[in-house]
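Q: I'm passing along input_20.txt; it holds compact mmCIF, C-alpha atoms.
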```txt
# COMPACT_ATOMS: atom_id res chain seq x y z
CA MET X 1 0.00 0.00 0.00
CA THR X 2 2.73 2.46 0.97
CA VAL X 3 4.63 1.63 -2.22
CA PHE X 4 1.51 2.34 -4.25
CA THR X 5 1.10 5.71 -2.49
CA HIS X 6 4.70 6.60 -3.27
CA VAL X 7 4.29 5.54 -6.92
CA ILE X 8 1.36 7.90 -7.34
CA THR X 9 2.70 10.84 -5.34
CA SER X 10 6.16 10.76 -6.94
CA PHE X 11 4.57 10.67 -10.39
CA ILE X 12 2.42 13.68 -9.53
CA ALA X 13 5.38 15.53 -8.00
CA ALA X 14 7.66 15.01 -11.02
CA ALA X 15 4.97 15.76 -13.61
CA GLY X 16 3.81 18.77 -11.59
CA PHE X 17 7.33 20.13 -11.57
CA GLY X 18 7.34 19.56 -15.33
CA VAL X 19 4.47 22.04 -15.49
CA LEU X 20 6.27 24.52 -13.20
CA PHE X 21 9.44 24.26 -15.33
CA ASN X 22 7.29 24.59 -18.46
CA ALA X 23 8.35 21.33 -20.08
CA PRO X 24 6.85 20.72 -23.53
CA ARG X 25 3.31 19.39 -23.10
CA GLN X 26 3.90 16.09 -24.88
CA ALA X 27 6.82 15.29 -22.54
CA LEU X 28 5.00 15.71 -19.22
CA ILE X 29 3.98 12.04 -18.82
CA GLN X 30 7.52 10.86 -19.53
CA CYS X 31 8.88 13.39 -17.01
CA GLY X 32 6.53 12.00 -14.40
CA LEU X 33 7.51 8.40 -15.17
CA VAL X 34 11.26 9.12 -15.03
CA GLY X 35 10.82 10.85 -11.66
CA MET X 36 8.66 8.01 -10.42
CA PHE X 37 11.18 5.26 -11.24
CA GLY X 38 14.00 7.24 -9.65
CA TRP X 39 12.08 7.81 -6.45
CA ILE X 40 10.90 4.17 -6.23
CA LEU X 41 14.49 2.93 -6.50
CA TYR X 42 15.54 5.43 -3.82
CA PHE X 43 12.61 4.39 -1.65
CA PHE X 44 13.50 0.69 -1.82
CA LEU X 45 17.23 1.24 -1.30
CA THR X 46 16.72 3.37 1.80
CA LYS X 47 14.14 0.86 3.05
CA GLU X 48 16.74 -1.91 2.70
CA GLY X 49 18.98 0.10 5.00
CA LEU X 50 21.35 1.72 2.50
CA ASP X 51 22.54 5.22 3.46
CA VAL X 52 20.73 8.14 1.79
CA VAL X 53 23.78 9.41 -0.13
CA PRO X 54 24.58 6.19 -2.05
CA SER X 55 20.85 5.60 -2.54
CA THR X 56 20.58 9.06 -4.10
CA ILE X 57 23.56 8.36 -6.37
CA PHE X 58 22.03 5.12 -7.67
CA ALA X 59 18.60 6.69 -8.12
CA ALA X 60 20.13 9.65 -9.97
CA MET X 61 21.98 7.20 -12.24
CA LEU X 62 18.70 5.46 -13.06
CA VAL X 63 17.06 8.84 -13.75
CA ALA X 64 19.94 9.83 -16.02
CA VAL X 65 19.85 6.57 -17.98
CA LEU X 66 16.07 6.77 -18.42
CA SER X 67 16.39 10.42 -19.49
CA GLN X 68 19.01 9.52 -22.08
CA LEU X 69 16.70 6.83 -23.45
CA CYS X 70 13.74 9.24 -23.55
CA ALA X 71 15.88 11.91 -25.21
CA LYS X 72 16.93 9.45 -27.94
CA LEU X 73 13.38 8.18 -28.37
CA PHE X 74 11.62 11.55 -28.54
CA LYS X 75 14.49 13.61 -30.02
CA THR X 76 14.44 16.31 -27.34
CA PRO X 77 17.32 17.52 -25.16
CA VAL X 78 18.10 15.37 -22.11
CA ILE X 79 17.67 18.31 -19.74
CA ILE X 80 13.88 18.22 -20.11
CA PHE X 81 13.61 14.74 -18.64
CA ASN X 82 16.35 14.72 -16.03
CA VAL X 83 15.46 18.12 -14.57
CA SER X 84 11.96 17.03 -13.59
CA GLY X 85 13.11 13.46 -13.00
CA ILE X 86 15.60 14.28 -10.25
CA ILE X 87 13.23 16.66 -8.45
CA PRO X 88 11.94 14.01 -6.01
CA LEU X 89 15.57 13.21 -5.07
CA VAL X 90 16.67 16.81 -4.62
CA PRO X 91 17.30 17.63 -0.95
CA GLY X 92 14.97 20.64 -0.94
CA GLY X 93 13.33 19.59 2.29
CA ILE X 94 16.67 19.25 4.07
CA ALA X 95 17.90 22.55 2.61
CA TYR X 96 14.83 24.23 4.03
CA ASP X 97 15.31 22.45 7.36
CA ALA X 98 18.93 23.60 7.53
CA MET X 99 17.95 27.21 6.88
CA ARG X 100 15.23 27.05 9.49
CA HIS X 101 17.74 25.90 12.08
CA PHE X 102 20.07 28.72 11.03
CA VAL X 103 17.45 31.41 11.54
CA GLU X 104 16.43 29.80 14.83
CA ASN X 105 20.01 30.09 16.14
CA ASP X 106 20.51 26.31 16.27
CA TYR X 107 23.82 26.40 14.38
CA THR X 108 25.06 22.89 15.20
CA ALA X 109 22.06 21.21 13.63
CA ALA X 110 22.08 23.73 10.79
CA VAL X 111 25.69 23.05 9.77
CA GLN X 112 25.10 19.31 10.00
CA LEU X 113 22.05 19.53 7.74
CA SER X 114 23.81 21.88 5.28
CA THR X 115 26.65 19.40 4.93
CA GLN X 116 24.14 16.68 4.17
CA VAL X 117 22.55 18.91 1.53
CA MET X 118 25.94 19.43 -0.13
CA LEU X 119 26.63 15.68 -0.09
CA LEU X 120 23.22 14.84 -1.54
CA ALA X 121 23.50 17.51 -4.24
CA GLY X 122 26.96 16.18 -5.07
CA GLY X 123 25.54 12.67 -5.17
CA ILE X 124 22.88 13.67 -7.66
CA ALA X 125 25.43 15.48 -9.80
CA ILE X 126 27.75 12.43 -9.76
CA GLY X 127 24.88 10.10 -10.64
CA LEU X 128 23.81 12.28 -13.56
CA MET X 129 27.37 12.69 -14.82
CA PHE X 130 28.14 8.99 -14.52
CA ALA X 131 25.36 8.12 -16.94
CA GLU X 132 26.51 10.84 -19.33
CA VAL X 133 30.10 9.64 -19.19
CA ALA X 134 28.99 6.04 -19.74
CA ASN X 135 27.01 7.18 -22.76
CA GLN X 136 30.05 8.97 -24.20
CA VAL X 137 32.33 6.00 -23.55
CA ILE X 138 29.92 3.66 -25.34
CA LYS X 139 29.71 6.08 -28.27
CA LYS X 140 33.48 6.55 -28.50
CA THR X 141 34.36 2.85 -28.23
CA GLY X 142 31.78 2.26 -30.95
CA GLU X 143 33.58 4.78 -33.14
CA TRP X 144 36.99 3.30 -32.40
CA LEU X 145 35.87 -0.24 -33.12
CA GLY X 146 34.91 0.88 -36.58
CA PRO X 147 31.57 1.10 -38.37
CA MET I 148 25.54 43.84 -42.06
CA THR I 149 28.10 41.28 -43.06
CA LYS I 150 27.34 37.62 -42.74
CA GLN I 151 29.85 37.28 -39.92
CA ALA I 152 28.21 39.96 -37.82
CA ALA I 153 24.79 38.45 -38.46
CA THR I 154 26.07 35.03 -37.43
CA ALA I 155 27.53 36.42 -34.24
CA ARG I 156 24.17 37.98 -33.47
CA VAL I 157 22.42 34.66 -34.00
CA CYS I 158 24.88 33.02 -31.59
CA MET I 159 24.35 35.72 -28.99
CA MET I 160 20.58 35.50 -29.29
CA ALA I 161 20.56 31.72 -28.91
CA GLY I 162 22.82 31.99 -25.88
CA LYS I 163 20.72 34.70 -24.29
CA ILE I 164 17.46 32.79 -24.67
CA MET I 165 19.00 29.64 -23.23
CA LEU I 166 20.52 31.41 -20.24
CA GLU I 167 17.27 33.21 -19.46
CA CYS I 168 15.50 29.87 -19.53
CA GLY I 169 17.86 28.26 -17.03
CA ALA I 170 20.05 26.09 -19.26
CA GLU I 171 23.39 24.97 -17.83
CA THR I 172 26.24 27.25 -18.85
CA TYR I 173 28.24 24.51 -20.57
CA ARG I 174 25.20 23.73 -22.74
CA VAL I 175 24.90 27.42 -23.67
CA GLU I 176 28.57 27.67 -24.66
CA ASP I 177 28.39 24.39 -26.55
CA THR I 178 25.34 25.52 -28.54
CA MET I 179 26.90 28.89 -29.40
CA ASN I 180 30.13 27.26 -30.57
CA ARG I 181 28.26 24.73 -32.67
CA ILE I 182 26.23 27.43 -34.42
CA ALA I 183 29.39 29.48 -35.02
CA ASN I 184 31.23 26.48 -36.48
CA ALA I 185 28.30 25.56 -38.69
CA TYR I 186 28.31 29.05 -40.22
CA GLY I 187 32.06 28.99 -40.68
CA LEU I 188 33.28 31.41 -37.99
CA LYS I 189 36.86 30.54 -37.11
CA ASN I 190 38.05 30.05 -33.55
CA ALA I 191 34.77 31.03 -31.93
CA GLN I 192 35.05 31.61 -28.20
CA SER I 193 32.03 31.87 -25.96
CA TYR I 194 32.01 32.47 -22.25
CA ALA I 195 28.73 32.29 -20.37
CA THR I 196 28.01 32.98 -16.74
CA PRO I 197 24.50 33.09 -15.23
CA THR I 198 24.53 36.90 -15.53
CA GLY I 199 26.19 37.57 -18.88
CA ILE I 200 27.66 36.18 -22.10
CA ASN I 201 30.83 37.05 -23.99
CA PHE I 202 31.46 35.95 -27.54
CA SER I 203 34.26 36.60 -29.98
CA HIS I 204 35.77 35.06 -33.11
CA GLU I 205 38.89 35.39 -35.20
CA ASN I 206 37.53 37.36 -38.15
CA GLN I 207 36.47 40.38 -36.15
CA ASP I 208 38.18 42.59 -33.60
CA MET I 209 34.98 43.19 -31.71
CA THR I 210 33.87 41.12 -28.73
CA TYR I 211 30.18 40.77 -28.20
CA PHE I 212 28.75 41.09 -24.74
CA ARG I 213 25.26 40.65 -23.43
CA ARG I 214 23.88 41.11 -19.95
CA VAL I 215 21.33 38.59 -18.71
CA THR I 216 19.11 39.99 -15.99
CA SER I 217 16.07 37.74 -15.71
CA ARG I 218 16.42 34.05 -15.01
CA ALA I 219 13.66 31.47 -14.86
CA THR I 220 13.25 27.83 -15.80
CA ASP I 221 11.55 27.34 -19.15
CA LEU I 222 12.38 23.96 -20.62
CA HIS I 223 10.14 24.45 -23.65
CA LYS I 224 12.23 27.32 -25.00
CA ILE I 225 15.46 25.41 -24.36
CA ALA I 226 14.05 22.55 -26.43
CA GLU I 227 13.07 24.94 -29.23
CA VAL I 228 16.50 26.59 -29.35
CA ASN I 229 18.12 23.16 -29.30
CA ASP I 230 15.96 22.18 -32.25
CA ILE I 231 17.08 25.25 -34.20
CA SER I 232 20.76 24.68 -33.41
CA ARG I 233 20.39 21.10 -34.60
CA LYS I 234 18.88 22.32 -37.88
CA ILE I 235 21.67 24.87 -38.27
CA THR I 236 24.42 22.28 -37.82
CA ALA I 237 22.61 20.06 -40.33
CA GLY I 238 22.79 22.98 -42.77
CA GLU I 239 19.04 23.35 -43.13
CA LEU I 240 18.74 26.97 -41.98
CA SER I 241 20.29 30.13 -43.40
CA VAL I 242 21.51 32.88 -41.08
CA SER I 243 18.52 35.15 -41.68
CA GLU I 244 16.03 32.31 -41.23
CA ALA I 245 17.69 31.28 -37.99
CA LYS I 246 17.60 34.86 -36.75
CA LEU I 247 13.89 35.14 -37.56
CA GLN I 248 13.03 31.89 -35.80
CA LEU I 249 15.08 32.78 -32.71
CA ASN I 250 13.33 36.14 -32.59
CA ASN I 251 9.97 34.39 -32.63
CA ILE I 252 11.00 32.09 -29.80
CA SER I 253 12.39 34.96 -27.76
CA GLN I 254 9.09 36.83 -27.96
CA ALA I 255 6.76 33.85 -27.64
CA LYS I 256 5.00 33.19 -24.37
CA LEU I 257 5.11 29.43 -24.09
CA THR I 258 4.51 29.15 -20.34
CA PHE I 259 1.51 27.40 -18.91
CA PRO I 260 -1.24 29.76 -17.67
CA ALA I 261 -0.78 30.98 -14.09
CA TRP I 262 -3.77 29.09 -12.71
CA LEU I 263 -2.44 25.82 -14.08
CA GLN I 264 0.96 26.49 -12.51
CA ILE I 265 -0.71 27.17 -9.17
CA VAL I 266 -2.74 23.96 -9.38
CA ALA I 267 0.42 22.02 -10.32
CA ALA I 268 2.30 23.58 -7.39
CA ALA I 269 -0.56 22.61 -5.08
CA PHE I 270 -0.46 18.98 -6.26
CA VAL I 271 3.34 18.92 -5.96
CA SER I 272 3.08 20.23 -2.39
CA GLY I 273 0.50 17.66 -1.35
CA SER I 274 2.49 14.83 -2.92
CA PHE I 275 5.75 15.87 -1.27
CA ALA I 276 4.08 16.09 2.14
CA ILE I 277 3.21 12.40 1.75
CA MET I 278 6.55 11.38 0.22
CA PHE I 279 8.38 12.90 3.18
CA GLY I 280 6.42 10.71 5.57
CA GLY I 281 3.15 12.55 6.17
CA SER I 282 -0.23 10.81 6.24
CA TRP I 283 -3.04 11.31 3.73
CA GLY I 284 -4.60 13.68 6.25
CA ASP I 285 -1.74 16.09 5.52
CA PHE I 286 -2.35 16.08 1.78
CA LEU I 287 -5.10 18.68 1.75
CA PRO I 288 -3.46 21.19 4.14
CA ALA I 289 -0.19 20.97 2.19
CA PHE I 290 -2.15 21.19 -1.07
CA LEU I 291 -3.83 24.42 0.03
CA ALA I 292 -0.73 25.94 1.67
CA GLY I 293 1.43 25.10 -1.37
CA GLY I 294 -1.07 26.53 -3.85
CA LEU I 295 -1.53 29.66 -1.76
CA GLY I 296 2.23 30.04 -1.34
CA PHE I 297 2.97 29.69 -5.05
CA ALA I 298 0.17 32.09 -5.93
CA SER I 299 1.53 34.70 -3.54
CA MET I 300 5.03 34.07 -4.96
CA LEU I 301 3.73 34.94 -8.45
CA PHE I 302 1.88 37.94 -7.04
CA PHE I 303 4.80 39.36 -5.02
CA ASP I 304 7.20 38.67 -7.88
CA ARG I 305 5.17 41.05 -10.03
CA LEU I 306 4.73 43.56 -7.21
CA VAL I 307 8.37 43.85 -6.07
CA GLU I 308 11.34 43.52 -8.38
CA ILE I 309 13.55 41.76 -5.84
CA ARG I 310 13.09 38.02 -5.95
CA PHE I 311 14.43 37.53 -2.44
CA ILE I 312 11.56 39.56 -0.97
CA ALA I 313 8.95 37.72 -3.03
CA GLU I 314 10.27 34.36 -1.81
CA PHE I 315 10.36 35.62 1.76
CA PHE I 316 6.72 36.72 1.72
CA ALA I 317 5.56 33.59 -0.11
CA SER I 318 7.11 31.31 2.49
CA PHE I 319 5.69 33.54 5.23
CA VAL I 320 2.23 32.90 3.77
CA ILE I 321 2.97 29.17 3.66
CA GLY I 322 4.10 29.11 7.28
CA LEU I 323 1.02 31.05 8.36
CA ALA I 324 -1.35 28.77 6.43
CA ALA I 325 0.30 25.63 7.84
CA VAL I 326 0.26 26.87 11.43
CA ILE I 327 -3.38 27.92 11.16
CA SER I 328 -4.42 24.60 9.63
CA VAL I 329 -2.66 22.61 12.37
CA HIS I 330 -4.02 24.91 15.08
CA TYR I 331 -7.60 24.19 14.03
CA GLY I 332 -6.97 20.45 13.77
CA PHE I 333 -7.18 20.41 9.96
CA GLY I 334 -3.69 18.96 9.52
CA GLN I 335 -1.46 16.96 11.89
CA ALA I 336 2.25 16.99 11.05
CA LEU I 337 3.25 20.67 10.87
CA ASP I 338 6.78 19.99 9.62
CA ARG I 339 5.64 17.71 6.77
CA ILE I 340 3.01 20.22 5.66
CA ILE I 341 5.51 23.08 5.58
CA ILE I 342 8.25 21.10 3.82
CA GLY I 343 5.76 19.85 1.24
CA ALA I 344 4.34 23.31 0.68
CA VAL I 345 7.71 25.07 0.25
CA MET I 346 8.99 22.47 -2.24
CA PRO I 347 7.76 24.39 -5.34
CA LEU I 348 9.85 27.36 -4.15
CA VAL I 349 12.95 25.51 -2.95
CA PRO I 350 16.00 25.89 -5.24
CA GLY I 351 16.77 22.19 -5.39
CA LEU I 352 17.52 22.33 -9.08
CA HIS I 353 19.90 25.27 -8.65
CA ILE I 354 21.85 23.43 -5.95
CA THR I 355 22.28 20.39 -8.18
CA ASN I 356 23.13 22.44 -11.27
CA ALA I 357 25.66 24.44 -9.27
CA VAL I 358 27.50 21.31 -8.14
CA ARG I 359 27.37 19.96 -11.69
CA ASP I 360 28.81 23.17 -13.14
CA LEU I 361 31.60 23.09 -10.55
CA MET I 362 32.48 19.49 -11.40
CA ILE I 363 32.61 20.18 -15.13
CA GLY I 364 34.97 23.08 -14.46
CA HIS I 365 32.72 26.12 -14.83
CA LEU I 366 33.84 27.51 -11.52
CA VAL I 367 32.41 31.02 -11.80
CA ALA I 368 29.01 29.82 -13.00
CA GLY I 369 28.88 27.11 -10.36
CA LEU I 370 29.70 29.49 -7.51
CA SER I 371 27.24 32.18 -8.57
CA LYS I 372 24.46 29.65 -9.03
CA GLY I 373 25.26 28.16 -5.65
CA VAL I 374 25.05 31.60 -4.04
CA GLU I 375 21.70 32.20 -5.70
CA ALA I 376 20.44 28.88 -4.36
CA VAL I 377 21.67 29.59 -0.83
CA LEU I 378 20.05 33.02 -0.91
CA THR I 379 16.70 31.53 -1.96
CA ALA I 380 16.90 28.84 0.71
CA PHE I 381 17.68 31.54 3.27
CA ALA I 382 14.67 33.62 2.17
CA ILE I 383 12.38 30.60 2.52
CA GLY I 384 13.78 29.57 5.89
CA ALA I 385 13.54 33.13 7.20
CA GLY I 386 9.96 33.55 5.97
CA VAL I 387 8.81 30.45 7.81
CA ALA I 388 10.90 31.27 10.88
CA VAL I 389 9.16 34.64 11.24
CA VAL I 390 5.87 32.79 11.63
CA PHE I 391 7.37 30.56 14.34
CA ALA I 392 8.92 33.52 16.12
CA PHE I 393 5.65 35.36 16.58
CA LEU I 394 3.26 32.49 17.24
```
Written as structure tokens, that's how I'd like the structure from this file.

A:
Amino acid sequence: MTVFTHVITSFIAAAGFGVLFNAPRQALIQCGLVGMFGWILYFFLTKEGLDVVPSTIFAAMLVAVLSQLCAKLFKTPVIIFNVSGIIPLVPGGIAYDAMRHFVENDYTAAVQLSTQVMLLAGGIAIGLMFAEVANQVIKKTGEWLGP
Amino acid sequence: MTKQAATARVCMMAGKIMLECGAETYRVEDTMNRIANAYGLKNAQSYATPTGINFSHENQDMTYFRRVTSRATDLHKIAEVNDISRKITAGELSVSEAKLQLNNISQAKLTFPAWLQIVAAAFVSGSFAIMFGGSWGDFLPAFLAGGLGFASMLFFDRLVEIRFIAEFFASFVIGLAAVISVHYGFGQALDRIIIGAVMPLVPGLHITNAVRDLMIGHLVAGLSKGVEAVLTAFAIGAGVAVVFAFL
């Protein structure tokens, strides 16, 4: 039941952010699906006891791979899919939490949370870049191996 | 106007549209260089930061510069510009045609209507409240607070020029709505409702893009985007904290 709830809510969240970021109309469903798969992977990994940072990296990798596939399939730039796709993973909630502790003079908790935000943002960036690099490596080895 | 000057203008225009629509700086530079190469400009150099673009090439002494003041996220326009640059590199568009099409894109209003954005923000807020561990009872309060917050963000953004202030007031409205709803027993988990409702405003994308720019080696762009993100997060945190301080 909880998984089903997360499937629906993450789809709505990613597709809704597609609207806020003004993604092309025909790409909204795909945006939602990419975000949904990323979040479900993250959800299961954290449930199995993996730390949030590696879970985020793996989920971001999945998002990036799916976005690359969508971009090839629908001939649109990758950014459209991965921007809305990573939104559920983005540590916006923690960033907000950190800032709230800062303005409430609770600096110890604030610095701790800010560090986590940096790590998570770095994790997402690494996950996204990994898929891009893998894509380039596949392309280049294909070129080297001849037609 | 010579063909070279016209080409440089096309490059600048493409870069400006992409930067205003929130494309990553390396993508902007890449697109400009591709267009320049396709039209035969030698040794084209482009340098983009979130607030301005420089562009020069070998055949002219002049360096082009353009200031970018407004920044938003508009993926549709990025896709359109990408489409044009692809056509240019394939040799399907002449310089004047490309200029005309870019002009059209630059003036077009492709965004979703405001009411639809507010409804989308409301649904996003409700969904995030549940994804972050709230119960279904928190969906509606977060839905309303998020919609109200995003609407006031749009309103204040038009009223005052400074984005920081608009974000501050919007999150103040969100905090107020959440506290009121919990006070009257309408919602339960105050923290989940607030986090869900501020998600449409939170600069999560900027944080990630900033780190990505830094890793690729665009140090100036990465730092300035990071500062922008921190400033927005601070505005949101402060807006909500004001509510807590006085209630």

Q: Can you pull out the residues contacting region 237-251 of chain I? Cut-off 10 Å, using only C-alpha atoms, and skip same-chain residues under 5 positions away; I want them as a list in words.

A: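 Listed by chain and then number, they are Lys150, Gln151, Ala153, Thr154, Ala155, Arg156, Val157, Cys158, Met160, Ala161, Ile164, Ile182, Ala185, Tyr186, Lys224, Glu227, Val228, Ile231, Ser232 and Lys256 of chain I.
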
Q: Just C-alpha atoms for this one: save the residues we selected as a compact mmCIF listing (two decimals), keeping the file's coordinate frame.

A:
```
# COMPACT_ATOMS: atom_id res chain seq x y z
CA LYS I 150 27.34 37.62 -42.74
CA GLN I 151 29.85 37.28 -39.92
CA ALA I 153 24.79 38.45 -38.46
CA THR I 154 26.07 35.03 -37.43
CA ALA I 155 27.53 36.42 -34.24
CA ARG I 156 24.17 37.98 -33.47
CA VAL I 157 22.42 34.66 -34.00
CA CYS I 158 24.88 33.02 -31.59
CA MET I 160 20.58 35.50 -29.29
CA ALA I 161 20.56 31.72 -28.91
CA ILE I 164 17.46 32.79 -24.67
CA ILE I 182 26.23 27.43 -34.42
CA ALA I 185 28.30 25.56 -38.69
CA TYR I 186 28.31 29.05 -40.22
CA LYS I 224 12.23 27.32 -25.00
CA GLU I 227 13.07 24.94 -29.23
CA VAL I 228 16.50 26.59 -29.35
CA ILE I 231 17.08 25.25 -34.20
CA SER I 232 20.76 24.68 -33.41
CA LYS I 256 5.00 33.19 -24.37
```

Q: Find, counting all atoms listed in the file, the residue in I:Glu205, I:Glu167, I:Arg174, I:Met159 that gets nearest to Ile363 (chain I).

A: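 Residue with the minimum atom-to-atom distance to Ile363 (chain I): I:Arg174.
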
Q: Which one is closest to chain I: X:Lys72, X:Lys47, X:Lys139, X:His6? Count all atoms listed in the file.

A: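 Once distances to chain I are computed over all atoms listed in the file, the minimum belongs to X:His6.
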
Q: When you look at Ala15 (chain X) with a cut-off of 9 Å (counting all atoms listed in the file), what residues show up, excluding the ones that are within fewer than 2 positions of it in the same chain? I need them as a list in words.

A: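 Result of the neighbour search: Ser10, Phe11, Ile12, Ala13, Phe17, Gly18, Val19, Leu20, Leu28, Ile29, Gln30, Cys31, Gly32, Leu33, Gly35, Ser84 and Gly85 of chain X; Ala267 and Val271 of chain I.
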
Q: Nearest to Val358 (chain I) among X:Phe58, X:Ile126, X:Glu132, X:Ala98, with distances taken over all atoms listed in the file: which residue is it?

A: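 Of the candidates, the smallest distance to Val358 (chain I) is held by X:Ile126.
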
Q: With only C-alpha atoms considered, list every residue of chain X at most 9 Å from chain I, as a PDB file with C-alpha atoms, in the coordinates of the input.

A:
```pdb
ATOM      1  CA  THR X   5       1.100   5.710  -2.490  1.00  0.00           C
ATOM      2  CA  HIS X   6       4.700   6.600  -3.270  1.00  0.00           C
ATOM      3  CA  ILE X   8       1.360   7.900  -7.340  1.00  0.00           C
ATOM      4  CA  THR X   9       2.700  10.840  -5.340  1.00  0.00           C
ATOM      5  CA  SER X  10       6.160  10.760  -6.940  1.00  0.00           C
ATOM      6  CA  PHE X  11       4.570  10.670 -10.390  1.00  0.00           C
ATOM      7  CA  ILE X  12       2.420  13.680  -9.530  1.00  0.00           C
ATOM      8  CA  ALA X  13       5.380  15.530  -8.000  1.00  0.00           C
ATOM      9  CA  ALA X  14       7.660  15.010 -11.020  1.00  0.00           C
ATOM     10  CA  ALA X  15       4.970  15.760 -13.610  1.00  0.00           C
ATOM     11  CA  GLY X  16       3.810  18.770 -11.590  1.00  0.00           C
ATOM     12  CA  PHE X  17       7.330  20.130 -11.570  1.00  0.00           C
ATOM     13  CA  GLY X  18       7.340  19.560 -15.330  1.00  0.00           C
ATOM     14  CA  VAL X  19       4.470  22.040 -15.490  1.00  0.00           C
ATOM     15  CA  LEU X  20       6.270  24.520 -13.200  1.00  0.00           C
ATOM     16  CA  PHE X  21       9.440  24.260 -15.330  1.00  0.00           C
ATOM     17  CA  ASN X  22       7.290  24.590 -18.460  1.00  0.00           C
ATOM     18  CA  ALA X  23       8.350  21.330 -20.080  1.00  0.00           C
ATOM     19  CA  PRO X  24       6.850  20.720 -23.530  1.00  0.00           C
ATOM     20  CA  ARG X  25       3.310  19.390 -23.100  1.00  0.00           C
ATOM     21  CA  LYS X  75      14.490  13.610 -30.020  1.00  0.00           C
ATOM     22  CA  THR X  76      14.440  16.310 -27.340  1.00  0.00           C
ATOM     23  CA  PRO X  77      17.320  17.520 -25.160  1.00  0.00           C
ATOM     24  CA  ILE X  79      17.670  18.310 -19.740  1.00  0.00           C
ATOM     25  CA  ILE X  80      13.880  18.220 -20.110  1.00  0.00           C
ATOM     26  CA  VAL X  83      15.460  18.120 -14.570  1.00  0.00           C
ATOM     27  CA  SER X  84      11.960  17.030 -13.590  1.00  0.00           C
ATOM     28  CA  ILE X  86      15.600  14.280 -10.250  1.00  0.00           C
ATOM     29  CA  ILE X  87      13.230  16.660  -8.450  1.00  0.00           C
ATOM     30  CA  PRO X  88      11.940  14.010  -6.010  1.00  0.00           C
ATOM     31  CA  VAL X  90      16.670  16.810  -4.620  1.00  0.00           C
ATOM     32  CA  PRO X  91      17.300  17.630  -0.950  1.00  0.00           C
ATOM     33  CA  GLY X  92      14.970  20.640  -0.940  1.00  0.00           C
ATOM     34  CA  GLY X  93      13.330  19.590   2.290  1.00  0.00           C
ATOM     35  CA  ILE X  94      16.670  19.250   4.070  1.00  0.00           C
ATOM     36  CA  ALA X  95      17.900  22.550   2.610  1.00  0.00           C
ATOM     37  CA  TYR X  96      14.830  24.230   4.030  1.00  0.00           C
ATOM     38  CA  ASP X  97      15.310  22.450   7.360  1.00  0.00           C
ATOM     39  CA  ALA X  98      18.930  23.600   7.530  1.00  0.00           C
ATOM     40  CA  MET X  99      17.950  27.210   6.880  1.00  0.00           C
ATOM     41  CA  ARG X 100      15.230  27.050   9.490  1.00  0.00           C
ATOM     42  CA  HIS X 101      17.740  25.900  12.080  1.00  0.00           C
ATOM     43  CA  PHE X 102      20.070  28.720  11.030  1.00  0.00           C
ATOM     44  CA  VAL X 103      17.450  31.410  11.540  1.00  0.00           C
ATOM     45  CA  GLU X 104      16.430  29.800  14.830  1.00  0.00           C
ATOM     46  CA  VAL X 117      22.550  18.910   1.530  1.00  0.00           C
ATOM     47  CA  MET X 118      25.940  19.430  -0.130  1.00  0.00           C
ATOM     48  CA  LEU X 120      23.220  14.840  -1.540  1.00  0.00           C
ATOM     49  CA  ALA X 121      23.500  17.510  -4.240  1.00  0.00           C
ATOM     50  CA  GLY X 122      26.960  16.180  -5.070  1.00  0.00           C
ATOM     51  CA  GLY X 123      25.540  12.670  -5.170  1.00  0.00           C
ATOM     52  CA  ILE X 124      22.880  13.670  -7.660  1.00  0.00           C
ATOM     53  CA  ALA X 125      25.430  15.480  -9.800  1.00  0.00           C
ATOM     54  CA  ILE X 126      27.750  12.430  -9.760  1.00  0.00           C
ATOM     55  CA  LEU X 128      23.810  12.280 -13.560  1.00  0.00           C
ATOM     56  CA  MET X 129      27.370  12.690 -14.820  1.00  0.00           C
TER      57      MET X 129
END
```

Q: For a test of reading the model, state the distance in Å between CA of Ala110 (chain X) and CA of Phe393 (chain I), rounded to one decimal.

A: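 The value is 20.9 Å.
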
Q: Rounded to one decimal, what separation in Å do you get between CA of Ala298 (chain I) and CA of Trp262 (chain I)?

A: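 Atom-to-atom, CA of Ala298 (chain I) and CA of Trp262 (chain I) are spaced 8.4 Å apart.
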
Q: Between CA of Thr115 (chain X) and CA of Gly369 (chain I), what is the distance in Å, rounded to a tenth?

A: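 Spanning CA of Thr115 (chain X) to CA of Gly369 (chain I) is a straight-line distance of 17.3 Å.
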